[in-house]
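Colleague: The structure file protein02.cif (mmCIF, C-alpha atoms) is provided below.
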data_run
loop_
_atom_site.label_atom_id
_atom_site.label_comp_id
_atom_site.auth_asym_id
_atom_site.auth_seq_id
_atom_site.Cartn_x
_atom_site.Cartn_y
_atom_site.Cartn_z
CA MET A 1 112.89 140.18 130.04
CA ALA A 2 115.03 137.93 132.24
CA ASP A 3 115.86 134.41 131.13
CA PRO A 4 113.91 131.62 132.88
CA ALA A 5 115.78 130.18 135.85
CA LEU A 6 116.83 126.58 136.38
CA LEU A 7 117.67 125.07 139.76
CA VAL A 8 120.45 122.60 138.95
CA HIS A 9 120.84 120.28 141.92
CA THR A 10 124.07 118.28 142.09
CA ARG A 11 124.14 116.81 145.59
CA THR A 12 125.55 113.27 145.85
CA THR A 13 125.51 110.92 148.83
CA ASP A 14 126.70 107.93 146.80
CA TYR A 15 128.89 107.81 143.66
CA ARG A 16 129.96 111.25 142.44
CA HIS A 17 130.50 111.79 138.72
CA GLU A 18 133.55 113.78 137.72
CA SER A 19 131.48 115.21 134.86
CA ILE A 20 129.28 117.29 137.18
CA PRO A 21 131.35 120.51 136.89
CA ALA A 22 131.47 120.11 133.10
CA GLY A 23 127.71 119.65 133.09
CA ILE A 24 127.10 122.81 135.10
CA ALA A 25 129.43 124.80 132.85
CA ALA A 26 127.77 123.44 129.72
CA LEU A 27 124.28 124.27 130.96
CA ARG A 28 125.38 127.82 131.70
CA ALA A 29 126.97 128.10 128.27
CA LEU A 30 123.80 126.98 126.50
CA GLY A 31 122.23 130.38 127.06
CA GLY A 32 118.54 131.10 127.41
CA PHE A 33 118.44 130.00 131.04
CA GLU A 34 119.73 131.46 134.27
CA VAL A 35 121.41 128.52 136.01
CA HIS A 36 121.42 128.31 139.81
CA ALA A 37 123.68 125.37 140.71
CA ARG A 38 123.20 124.17 144.27
CA GLU A 39 124.46 121.28 146.42
CA ASP A 40 122.74 122.20 149.67
CA PRO A 41 119.54 120.18 150.25
CA ALA A 42 118.05 123.34 151.74
CA ALA A 43 117.77 124.63 148.16
CA LEU A 44 114.81 122.28 147.66
CA GLU A 45 113.20 123.41 150.92
CA GLU A 46 112.77 126.93 149.58
CA PRO A 47 109.91 128.05 147.31
CA LEU A 48 110.52 126.67 143.82
CA ASP A 49 107.94 128.64 141.86
CA ARG A 50 110.57 131.05 140.49
CA TYR A 51 112.20 128.19 138.58
CA ALA A 52 111.09 127.05 135.15
CA ALA A 53 112.52 123.61 135.96
CA VAL A 54 114.47 121.69 138.57
CA VAL A 55 117.36 119.73 137.07
CA PHE A 56 118.91 116.78 138.91
CA LEU A 57 122.36 116.58 137.32
CA SER A 58 123.89 113.17 138.19
CA THR A 59 122.64 113.30 141.74
CA SER A 60 123.00 110.05 143.68
CA GLY A 61 121.67 108.51 146.87
CA ASP A 62 119.29 110.33 149.18
CA VAL A 63 119.67 114.02 148.42
CA LEU A 64 116.45 115.52 149.78
CA THR A 65 115.11 116.23 153.24
CA PRO A 66 111.46 115.43 154.03
CA ALA A 67 110.64 119.10 153.50
CA GLY A 68 112.49 119.07 150.19
CA ARG A 69 110.53 116.07 149.03
CA GLU A 70 107.27 117.84 149.81
CA ARG A 71 108.39 120.97 147.98
CA LEU A 72 109.52 119.11 144.88
CA ALA A 73 106.36 117.02 144.65
CA ALA A 74 104.11 120.05 145.06
CA TYR A 75 106.14 122.00 142.51
CA VAL A 76 105.87 119.35 139.80
CA GLU A 77 102.25 118.51 140.52
CA GLY A 78 101.46 122.21 140.24
CA GLY A 79 103.08 122.60 136.81
CA GLY A 80 106.83 122.82 137.36
CA GLY A 81 109.31 121.12 135.08
CA PHE A 82 111.69 118.37 136.19
CA VAL A 83 114.74 117.19 134.26
CA GLY A 84 116.88 114.23 135.27
CA VAL A 85 120.29 113.58 133.75
CA HIS A 86 122.17 110.28 133.99
CA ALA A 87 122.59 109.35 137.69
CA ALA A 88 119.36 111.11 138.58
CA ALA A 89 118.04 107.55 138.18
CA CYS A 90 120.32 106.49 141.08
CA THR A 91 118.63 108.93 143.45
CA GLU A 92 116.05 108.81 146.25
CA TYR A 93 115.56 105.04 146.24
CA GLY A 94 113.65 105.34 149.50
CA TRP A 95 111.02 107.72 148.12
CA PRO A 96 108.44 105.86 146.02
CA TYR A 97 107.07 109.07 144.51
CA TYR A 98 110.43 109.85 142.96
CA GLY A 99 110.52 106.52 141.14
CA GLU A 100 107.11 107.27 139.68
CA LEU A 101 108.14 110.82 138.81
CA LEU A 102 111.26 109.79 136.92
CA GLY A 103 109.74 106.69 135.34
CA ALA A 104 112.43 104.11 136.11
CA ARG A 105 115.22 103.32 138.55
CA PHE A 106 118.83 102.43 137.80
CA ALA A 107 119.83 98.75 137.99
CA GLY A 108 123.42 98.61 136.70
CA HIS A 109 125.71 99.27 133.76
CA PRO A 110 128.59 97.77 131.79
CA PRO A 111 131.85 99.71 131.30
CA VAL A 112 131.83 102.95 129.30
CA GLN A 113 132.02 102.05 125.60
CA PRO A 114 130.76 103.11 122.18
CA GLY A 115 127.35 101.96 121.07
CA ARG A 116 124.26 102.94 119.11
CA ALA A 117 121.31 104.92 120.40
CA LEU A 118 118.17 104.64 118.28
CA VAL A 119 115.76 107.55 117.93
CA GLU A 120 112.23 106.25 118.47
CA ASP A 121 110.48 109.62 118.34
CA HIS A 122 111.84 112.41 116.13
CA ASP A 123 108.93 114.71 116.92
CA HIS A 124 110.44 116.11 120.13
CA PRO A 125 112.90 118.94 120.82
CA ALA A 126 115.32 116.49 122.49
CA THR A 127 115.62 114.21 119.45
CA ARG A 128 114.56 116.03 116.30
CA HIS A 129 118.16 117.08 115.58
CA LEU A 130 119.60 113.59 116.02
CA PRO A 131 120.34 111.05 113.29
CA PRO A 132 118.08 107.96 113.36
CA VAL A 133 121.06 105.95 114.62
CA TRP A 134 123.30 107.93 116.94
CA GLU A 135 126.80 106.61 117.53
CA VAL A 136 127.72 107.60 121.08
CA THR A 137 130.19 106.61 123.79
CA ASP A 138 128.67 106.57 127.26
CA GLU A 139 127.82 104.48 130.29
CA TRP A 140 124.83 102.46 129.13
CA TYR A 141 122.40 102.34 132.05
CA ASP A 142 120.10 99.39 132.62
CA PHE A 143 116.89 99.95 134.57
CA ARG A 144 115.00 97.71 136.96
CA THR A 145 111.98 97.78 134.68
CA SER A 146 111.23 99.41 131.35
CA PRO A 147 109.43 102.74 131.81
CA ARG A 148 107.67 102.33 128.47
CA PRO A 149 104.16 101.71 129.84
CA SER A 150 104.06 105.13 131.51
CA VAL A 151 106.35 107.34 129.39
CA ARG A 152 106.90 108.59 125.86
CA VAL A 153 110.14 106.91 124.82
CA LEU A 154 112.39 109.16 122.75
CA LEU A 155 115.65 107.23 122.54
CA SER A 156 116.57 103.59 123.12
CA ALA A 157 119.75 101.52 123.25
CA ASP A 158 120.71 98.99 120.59
CA GLU A 159 122.17 96.32 122.88
CA SER A 160 123.66 94.48 119.90
CA SER A 161 126.05 97.42 119.44
CA TYR A 162 127.86 97.13 122.79
CA ASP A 163 128.72 94.52 125.43
CA GLY A 164 126.89 93.95 128.69
CA GLY A 165 123.37 95.25 128.13
CA ALA A 166 120.82 93.54 130.36
CA MET A 167 117.39 94.73 129.22
CA GLY A 168 117.10 93.10 125.82
CA ASP A 169 115.02 94.51 123.00
CA ASP A 170 113.17 97.06 125.15
CA HIS A 171 115.86 99.38 126.48
CA PRO A 172 114.73 103.03 126.71
CA LEU A 173 117.46 105.64 127.26
CA ALA A 174 115.58 108.93 127.19
CA TRP A 175 111.93 109.70 127.68
CA CYS A 176 109.38 112.24 128.82
CA ARG A 177 106.12 112.12 130.72
CA THR A 178 103.70 114.28 132.64
CA GLN A 179 103.23 114.25 136.40
CA GLY A 180 100.20 116.15 137.59
CA GLU A 181 100.39 119.47 135.76
CA GLY A 182 104.18 119.21 135.37
CA ARG A 183 106.48 117.90 132.67
CA VAL A 184 109.33 115.44 133.26
CA PHE A 185 112.26 114.68 130.94
CA TYR A 186 115.02 112.15 131.61
CA THR A 187 118.12 111.10 129.70
CA ALA A 188 120.40 108.29 130.82
CA LEU A 189 123.33 109.73 128.88
CA GLY A 190 125.88 112.23 130.18
CA HIS A 191 128.35 110.12 132.17
CA THR A 192 131.57 111.38 130.66
CA VAL A 193 133.19 114.80 130.75
CA GLU A 194 133.49 114.56 126.97
CA ALA A 195 129.71 114.21 126.58
CA TRP A 196 129.33 117.82 127.72
CA ASP A 197 131.43 118.98 124.75
CA ASP A 198 129.36 117.02 122.22
CA PRO A 199 127.04 119.36 120.27
CA LEU A 200 124.53 116.57 119.63
CA PHE A 201 124.31 115.69 123.32
CA LEU A 202 124.06 119.34 124.35
CA ALA A 203 121.21 119.88 121.90
CA HIS A 204 119.57 116.73 123.28
CA VAL A 205 119.70 118.11 126.83
CA ARG A 206 118.65 121.59 125.79
CA GLY A 207 115.68 120.16 123.91
CA GLY A 208 114.61 118.18 126.97
CA ILE A 209 114.85 121.25 129.18
CA THR A 210 112.97 123.37 126.67
CA TRP A 211 110.17 120.81 126.54
CA ALA A 212 109.98 120.50 130.34
CA THR A 213 109.83 124.25 130.83
CA ASP A 214 107.08 124.84 128.25
CA ARG A 215 104.16 125.45 130.52
#
Mind turning the file's structure into structure tokens?

Modeller:
Amino acid sequence: MADPALLVHTRTTDYRHESIPAGIAALRALGGFEVHAREDPAALEEPLDRYAAVVFLSTSGDVLTPAGRERLAAYVEGGGGFVGVHAAACTEYGWPYYGELLGARFAGHPPVQPGRALVEDHDHPATRHLPPVWEVTDEWYDFRTSPRPSVRVLLSADESSYDGGAMGDDHPLAWCRTQGEGRVFYTALGHTVEAWDDPLFLAHVRGGITWATDR
């Protein structure tokens, strides 16, 4: 039986992360999924039903055409999985549905630095392998509003452990939610090339994908 397929979309029309190639390579190396990495917005205009999930890997800016937006919304509402990694929160600002789908929109970040991520929910494939306090170096995203009212928060930032956090005591970093019949997972981590060599981070991403693709 063939492995389930992922559409990994990496188009950027704003900032482009140098970690994107490392992310694609790491997802392919995880095994268990057939990874189709695409930059062309036409990829989202095609039927998506053959994919177990659509992954936005550090996309930025407006990356979809009107037809692509319709396809993606219909796919998730009908039971497809959606996974957003890092700059996926800096994407499609002009499409209100996408903000609802993801759960929150990017607001800013301090410089890359070490800090502590706190596991809020260990009963999830994306976090059950993590220590309660995870020491990690990354770009600590702030969001315009906390997604907590509409998501299941899995991981949050301890702002006392690094400089420049702007959300205070309620600073989710990774979460999941449902949209229609579909499942959505997002993690704000994954900025650096080195993150994609970190076994804990890779297991975090794999767990999120596994959850999102469990129909």

Colleague: What is the distance between atom CA of A:Thr10 and atom CA of A:Thr213, in Å to one decimal?

Modeller: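 That distance, rounded to one decimal, is 19.1 Å.
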
Colleague: Show which residues sit within 6 Å of A:Gly103, as JSON, numbers by chain. Count only C-alpha atoms, and ignore same-chain residues fewer than 3 positions away.

Modeller: {"A": [99, 100, 147]}

Colleague: Using all atoms listed in the file, which residue out of A:Leu44, A:Ile20, A:Gly80, A:Gly31 lies closest to A:Ser60?

Modeller: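 Looking at the shortest contact to A:Ser60, the residue is A:Ile20.
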
Colleague: Restricting the calculation to all atoms listed in the file: of A:Phe33, A:Trp175, A:Trp196, A:Tyr15, which residue gets closest to A:Pro125?

Modeller: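 Result for the nearest residue to A:Pro125: A:Trp175.
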
Colleague: Using the chain letters and numbering of this document, enumerate as a PDB file with C-alpha atoms, in the frame of the given file the residues selected by the PyMOL selection byres ((chain A and resi 84) around 10).

Modeller:
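result.pdb, written as the output of this step:
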ATOM      1  CA  VAL A   8     120.450 122.600 138.950  1.00  0.00           C
ATOM      2  CA  HIS A   9     120.840 120.280 141.920  1.00  0.00           C
ATOM      3  CA  VAL A  54     114.470 121.690 138.570  1.00  0.00           C
ATOM      4  CA  VAL A  55     117.360 119.730 137.070  1.00  0.00           C
ATOM      5  CA  PHE A  56     118.910 116.780 138.910  1.00  0.00           C
ATOM      6  CA  LEU A  57     122.360 116.580 137.320  1.00  0.00           C
ATOM      7  CA  SER A  58     123.890 113.170 138.190  1.00  0.00           C
ATOM      8  CA  THR A  59     122.640 113.300 141.740  1.00  0.00           C
ATOM      9  CA  PHE A  82     111.690 118.370 136.190  1.00  0.00           C
ATOM     10  CA  VAL A  83     114.740 117.190 134.260  1.00  0.00           C
ATOM     11  CA  VAL A  85     120.290 113.580 133.750  1.00  0.00           C
ATOM     12  CA  HIS A  86     122.170 110.280 133.990  1.00  0.00           C
ATOM     13  CA  ALA A  87     122.590 109.350 137.690  1.00  0.00           C
ATOM     14  CA  ALA A  88     119.360 111.110 138.580  1.00  0.00           C
ATOM     15  CA  ALA A  89     118.040 107.550 138.180  1.00  0.00           C
ATOM     16  CA  THR A  91     118.630 108.930 143.450  1.00  0.00           C
ATOM     17  CA  LEU A 102     111.260 109.790 136.920  1.00  0.00           C
ATOM     18  CA  ALA A 174     115.580 108.930 127.190  1.00  0.00           C
ATOM     19  CA  VAL A 184     109.330 115.440 133.260  1.00  0.00           C
ATOM     20  CA  PHE A 185     112.260 114.680 130.940  1.00  0.00           C
ATOM     21  CA  TYR A 186     115.020 112.150 131.610  1.00  0.00           C
ATOM     22  CA  THR A 187     118.120 111.100 129.700  1.00  0.00           C
ATOM     23  CA  ALA A 188     120.400 108.290 130.820  1.00  0.00           C
ATOM     24  CA  VAL A 205     119.700 118.110 126.830  1.00  0.00           C
ATOM     25  CA  GLY A 208     114.610 118.180 126.970  1.00  0.00           C
ATOM     26  CA  ILE A 209     114.850 121.250 129.180  1.00  0.00           C
TER      27      ILE A 209
END

Colleague: Which one of A:Asp3, A:Glu120, A:Glu39, A:Asp170 sits closest to A:Asp142 if you count all atoms listed in the file?

Modeller: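 That would be A:Asp170, the residue with the smallest distance to A:Asp142.
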
Colleague: Write out as a list in words the residues lying within 10 Å of A:Gly68, counting only C-alpha atoms and excluding same-chain residues fewer than 6 positions away.

Modeller: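 The contact residues come out as Pro41, Ala42, Ala43, Leu44, Glu45, Glu46, Pro47 and Ala74 of chain A.
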